[in-house]
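J.: Sharing a structure here in structure tokens format.
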Amino acid sequence: AQKVTQAQTEISVVEKEDVTLDCVYETRDTTYYLFWYKQPPSGELVFLIRRNSFDEQNEISGRYSWNFQKSTSSFNFTITASQVVDSAVYFCALSRFSGGYNKLIFGAGTRLAVHP
Amino acid sequence: DGGITQSPKYLFRKEGQNVTLSCEQNLNHDAMYWYRQDPGQGLRLIYYSQIVNDFQKGDIAEGYSVSREKKESFPLTVTSAQKNPTAFYLCASHGPIYGYTFGSGTRLTVV
């Protein structure tokens, strides 16, 4: 079975602090994709990153960075020098690598509150 | 601009009433999905469609129905059989170039 666990329900930080959002996944597939999405109060899902199972390189995009470790089935997300605009719910998701049907399995989400 | 349009943004349903949520995409994607989001929970798959005139149940299809008569459109009907329909509903599509694209959601409330 496929499953995504985001153990942190809510995180509260003060602006400029670094914060890491944890994501642990379970899958029997050898090829799969992992995603992070941001959901601001307006509700839409904003795509942040997609990583395929063959690429374990860490990625950095501005203040955002991602640490993918297959050995621990984790795909953690770090925000450096957090800002109030980072306040949102963040979802980690897993999908099968397939040319046909693709289903996203979501974690429960982590609500991040960044205070001035 | 290409994307997914969901309407209405807010919807109120009376007990025993069926309501239909609209989802339209102009991305030329074959695959479309409906997800339900409850507070403190992740998104759960209701129905999906890989091609016109074909759709499959997801994890929580009871009390819902869909149709896929056109590639661009995938409406979701919340029937009176759905006992707890108050939730946030997100439509998505998937294609080879843009990957997953989500709409802005419909918030349904039973009154």
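Here, A, B, ... name the chains of the structure tokens in the order displayed, residue numbers run from 1 inside each chain, and ligands are numbered from 1 in the same displayed order.
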Which residues come within 9 Å of range 74-85 of chain B, counting only C-alpha atoms, excluding same-chain residues fewer than 3 positions away, as a VMD selection string?

T.: chain B and resid 13 15 to 25 32 to 34 47 to 49 62 to 71 91 108 to 110

J.: Give me, as a tab-separated table, the closest atom pair and its distance (Å, one decimal) for every residue of chain B within a cut-off of 10 Å of chain A, counting only C-alpha atoms, rows sorted by chain and rising number.

T.:
```
residue	atom	partner	partner_atom	distance
B:Asp30	CA	A:Gly100	CA	9.8
B:Ala31	CA	A:Tyr101	CA	7.5
B:Met32	CA	A:Asn102	CA	9.8
B:Tyr33	CA	A:Lys103	CA	8.7
B:Tyr35	CA	A:Leu104	CA	9.8
B:Gln37	CA	A:Ala108	CA	9.6
B:Asp38	CA	A:Ala108	CA	9.7
B:Pro39	CA	A:Ala108	CA	9.3
B:Gly40	CA	A:Ala108	CA	6.5
B:Gln41	CA	A:Ala108	CA	4.5
B:Gly42	CA	A:Ala108	CA	3.8
B:Leu43	CA	A:Phe106	CA	5.9
B:Arg44	CA	A:Phe106	CA	7.5
B:Leu45	CA	A:Leu104	CA	8.3
B:Tyr48	CA	A:Lys103	CA	8.7
B:Ser49	CA	A:Tyr101	CA	8.7
B:Gln50	CA	A:Tyr101	CA	6.6
B:Gly58	CA	A:Lys103	CA	9.3
B:Phe88	CA	A:Gly43	CA	8.5
B:Tyr89	CA	A:Gly43	CA	9.7
B:Leu90	CA	A:Glu44	CA	8.0
B:Cys91	CA	A:Glu44	CA	10.0
B:Ala92	CA	A:Leu45	CA	9.8
B:Ser93	CA	A:Asn102	CA	10.0
B:His94	CA	A:Asn102	CA	7.7
B:Gly95	CA	A:Asn102	CA	9.6
B:Pro96	CA	A:Gly99	CA	8.6
B:Gly99	CA	A:Arg50	CA	9.4
B:Tyr100	CA	A:Phe47	CA	8.4
B:Thr101	CA	A:Phe47	CA	8.2
B:Phe102	CA	A:Leu45	CA	6.2
B:Gly103	CA	A:Glu44	CA	6.4
B:Ser104	CA	A:Glu44	CA	4.3
B:Gly105	CA	A:Glu44	CA	6.3
B:Thr106	CA	A:Gly43	CA	8.9
B:Arg107	CA	A:Gly43	CA	9.3
```

J.: From the options A:Tyr33, A:Asn52, A:Arg28, A:Leu21, which residue's atoms come nearest to Tyr64 in chain A, counting only C-alpha atoms?

T.: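 Under the stated criterion, the closest residue is A:Leu21.
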
J.: Considering only C-alpha atoms, can you say which of A:Thr80, A:Ala113, A:Phe35, A:Ala88 comes closest to Glu17 in chain A?

T.: A:Thr80

J.: What residues in range 57-104 of chain B get the DSSP label strand (DSSP E or B)? Please answer as a PyMOL selection string.

T.: chain B and resi 57+64-66+70+73+76-78+87-95+99-102

J.: Store the residues picked out above, limited to N, CA, C and O atoms, as a PDB file, in the first residue's frame.

T.:
```
ATOM      1  N   LYS B  57     -14.176   4.931  -9.655  1.00  0.00           N
ATOM      2  CA  LYS B  57     -14.307   5.356  -8.261  1.00  0.00           C
ATOM      3  C   LYS B  57     -12.933   5.469  -7.602  1.00  0.00           C
ATOM      4  O   LYS B  57     -12.043   4.656  -7.851  1.00  0.00           O
ATOM      5  N   TYR B  64     -21.458  10.262  -4.262  1.00  0.00           N
ATOM      6  CA  TYR B  64     -21.029  11.171  -5.325  1.00  0.00           C
ATOM      7  C   TYR B  64     -21.251  10.517  -6.687  1.00  0.00           C
ATOM      8  O   TYR B  64     -21.273   9.288  -6.796  1.00  0.00           O
ATOM      9  N   SER B  65     -21.405  11.337  -7.715  1.00  0.00           N
ATOM     10  CA  SER B  65     -21.436  10.830  -9.081  1.00  0.00           C
ATOM     11  C   SER B  65     -20.750  11.836  -9.987  1.00  0.00           C
ATOM     12  O   SER B  65     -20.639  13.032  -9.657  1.00  0.00           O
ATOM     13  N   VAL B  66     -20.240  11.333 -11.122  1.00  0.00           N
ATOM     14  CA  VAL B  66     -19.548  12.195 -12.076  1.00  0.00           C
ATOM     15  C   VAL B  66     -19.970  11.825 -13.498  1.00  0.00           C
ATOM     16  O   VAL B  66     -20.612  10.801 -13.730  1.00  0.00           O
ATOM     17  N   LYS B  70     -17.236  15.386 -22.133  1.00  0.00           N
ATOM     18  CA  LYS B  70     -16.289  16.161 -22.928  1.00  0.00           C
ATOM     19  C   LYS B  70     -14.927  16.121 -22.260  1.00  0.00           C
ATOM     20  O   LYS B  70     -14.835  16.031 -21.030  1.00  0.00           O
ATOM     21  N   SER B  73     -14.434  18.861 -19.498  1.00  0.00           N
ATOM     22  CA  SER B  73     -15.344  19.029 -18.384  1.00  0.00           C
ATOM     23  C   SER B  73     -15.499  17.760 -17.556  1.00  0.00           C
ATOM     24  O   SER B  73     -15.643  16.654 -18.109  1.00  0.00           O
ATOM     25  N   LEU B  76     -18.902  17.176 -10.866  1.00  0.00           N
ATOM     26  CA  LEU B  76     -19.131  16.292  -9.718  1.00  0.00           C
ATOM     27  C   LEU B  76     -20.484  16.622  -9.107  1.00  0.00           C
ATOM     28  O   LEU B  76     -20.756  17.779  -8.783  1.00  0.00           O
ATOM     29  N   THR B  77     -21.334  15.601  -8.954  1.00  0.00           N
ATOM     30  CA  THR B  77     -22.616  15.785  -8.282  1.00  0.00           C
ATOM     31  C   THR B  77     -22.544  15.186  -6.885  1.00  0.00           C
ATOM     32  O   THR B  77     -22.160  14.022  -6.721  1.00  0.00           O
ATOM     33  N   VAL B  78     -22.887  15.986  -5.904  1.00  0.00           N
ATOM     34  CA  VAL B  78     -22.974  15.525  -4.526  1.00  0.00           C
ATOM     35  C   VAL B  78     -24.436  15.192  -4.283  1.00  0.00           C
ATOM     36  O   VAL B  78     -25.303  16.078  -4.298  1.00  0.00           O
ATOM     37  N   ALA B  87     -17.402  20.217   2.987  1.00  0.00           N
ATOM     38  CA  ALA B  87     -15.973  20.024   2.768  1.00  0.00           C
ATOM     39  C   ALA B  87     -15.507  20.988   1.687  1.00  0.00           C
ATOM     40  O   ALA B  87     -16.308  21.713   1.079  1.00  0.00           O
ATOM     41  N   PHE B  88     -14.216  20.957   1.425  1.00  0.00           N
ATOM     42  CA  PHE B  88     -13.594  21.726   0.355  1.00  0.00           C
ATOM     43  C   PHE B  88     -13.277  20.737  -0.759  1.00  0.00           C
ATOM     44  O   PHE B  88     -12.662  19.702  -0.521  1.00  0.00           O
ATOM     45  N   TYR B  89     -13.735  21.048  -1.986  1.00  0.00           N
ATOM     46  CA  TYR B  89     -13.575  20.126  -3.100  1.00  0.00           C
ATOM     47  C   TYR B  89     -12.613  20.722  -4.128  1.00  0.00           C
ATOM     48  O   TYR B  89     -12.788  21.853  -4.587  1.00  0.00           O
ATOM     49  N   LEU B  90     -11.635  19.903  -4.489  1.00  0.00           N
ATOM     50  CA  LEU B  90     -10.634  20.342  -5.466  1.00  0.00           C
ATOM     51  C   LEU B  90     -10.658  19.435  -6.685  1.00  0.00           C
ATOM     52  O   LEU B  90     -10.676  18.217  -6.568  1.00  0.00           O
ATOM     53  N   CYS B  91     -10.644  20.058  -7.834  1.00  0.00           N
ATOM     54  CA  CYS B  91     -10.566  19.348  -9.099  1.00  0.00           C
ATOM     55  C   CYS B  91      -9.134  19.462  -9.616  1.00  0.00           C
ATOM     56  O   CYS B  91      -8.468  20.487  -9.398  1.00  0.00           O
ATOM     57  N   ALA B  92      -8.643  18.438 -10.286  1.00  0.00           N
ATOM     58  CA  ALA B  92      -7.294  18.462 -10.834  1.00  0.00           C
ATOM     59  C   ALA B  92      -7.276  17.755 -12.180  1.00  0.00           C
ATOM     60  O   ALA B  92      -8.151  16.954 -12.491  1.00  0.00           O
ATOM     61  N   SER B  93      -6.271  18.077 -12.956  1.00  0.00           N
ATOM     62  CA  SER B  93      -6.030  17.346 -14.195  1.00  0.00           C
ATOM     63  C   SER B  93      -4.552  17.004 -14.266  1.00  0.00           C
ATOM     64  O   SER B  93      -3.734  17.575 -13.539  1.00  0.00           O
ATOM     65  N   HIS B  94      -4.249  16.055 -15.128  1.00  0.00           N
ATOM     66  CA  HIS B  94      -2.851  15.621 -15.250  1.00  0.00           C
ATOM     67  C   HIS B  94      -2.501  15.436 -16.722  1.00  0.00           C
ATOM     68  O   HIS B  94      -3.248  14.818 -17.475  1.00  0.00           O
ATOM     69  N   GLY B  95      -1.355  15.965 -17.110  1.00  0.00           N
ATOM     70  CA  GLY B  95      -0.890  15.817 -18.474  1.00  0.00           C
ATOM     71  C   GLY B  95       0.616  15.725 -18.518  1.00  0.00           C
ATOM     72  O   GLY B  95       1.291  15.969 -17.516  1.00  0.00           O
ATOM     73  N   GLY B  99       2.034  18.339 -15.899  1.00  0.00           N
ATOM     74  CA  GLY B  99       1.883  17.496 -14.718  1.00  0.00           C
ATOM     75  C   GLY B  99       0.503  17.724 -14.114  1.00  0.00           C
ATOM     76  O   GLY B  99      -0.483  17.858 -14.809  1.00  0.00           O
ATOM     77  N   TYR B 100       0.449  17.758 -12.790  1.00  0.00           N
ATOM     78  CA  TYR B 100      -0.821  17.992 -12.105  1.00  0.00           C
ATOM     79  C   TYR B 100      -1.101  19.491 -12.034  1.00  0.00           C
ATOM     80  O   TYR B 100      -0.235  20.284 -11.693  1.00  0.00           O
ATOM     81  N   THR B 101      -2.354  19.846 -12.337  1.00  0.00           N
ATOM     82  CA  THR B 101      -2.821  21.214 -12.166  1.00  0.00           C
ATOM     83  C   THR B 101      -4.110  21.165 -11.373  1.00  0.00           C
ATOM     84  O   THR B 101      -4.978  20.343 -11.668  1.00  0.00           O
ATOM     85  N   PHE B 102      -4.209  22.041 -10.372  1.00  0.00           N
ATOM     86  CA  PHE B 102      -5.389  22.056  -9.506  1.00  0.00           C
ATOM     87  C   PHE B 102      -6.203  23.320  -9.755  1.00  0.00           C
ATOM     88  O   PHE B 102      -5.655  24.382 -10.078  1.00  0.00           O
TER      89      PHE B 102
END
```

J.: Among range 60-99 of chain A, which residues carry a DSSP assignment of helix (DSSP H, G or I), reported as JSON, numbers by chain?

T.: {"A": [70, 71, 72, 84, 85, 86]}

J.: Mind checking which residues fall within 8 Å of Phe77 in chain A, counting only C-alpha atoms, ignoring those fewer than 2 positions away in the same chain, and posting them as a list of chain:residue names?

T.: A:Thr20, A:Leu21, A:Asp22, A:Cys23, A:Tyr64, A:Ser65, A:Trp66, A:Asn67, A:Phe75, A:Ile79

J.: Mind giving me the straight-line distance from CA of Arg51 in chain A to CA of Phe68 in chain A in Å, one decimal?

T.: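 That distance, rounded to one decimal, is 8.3 Å.
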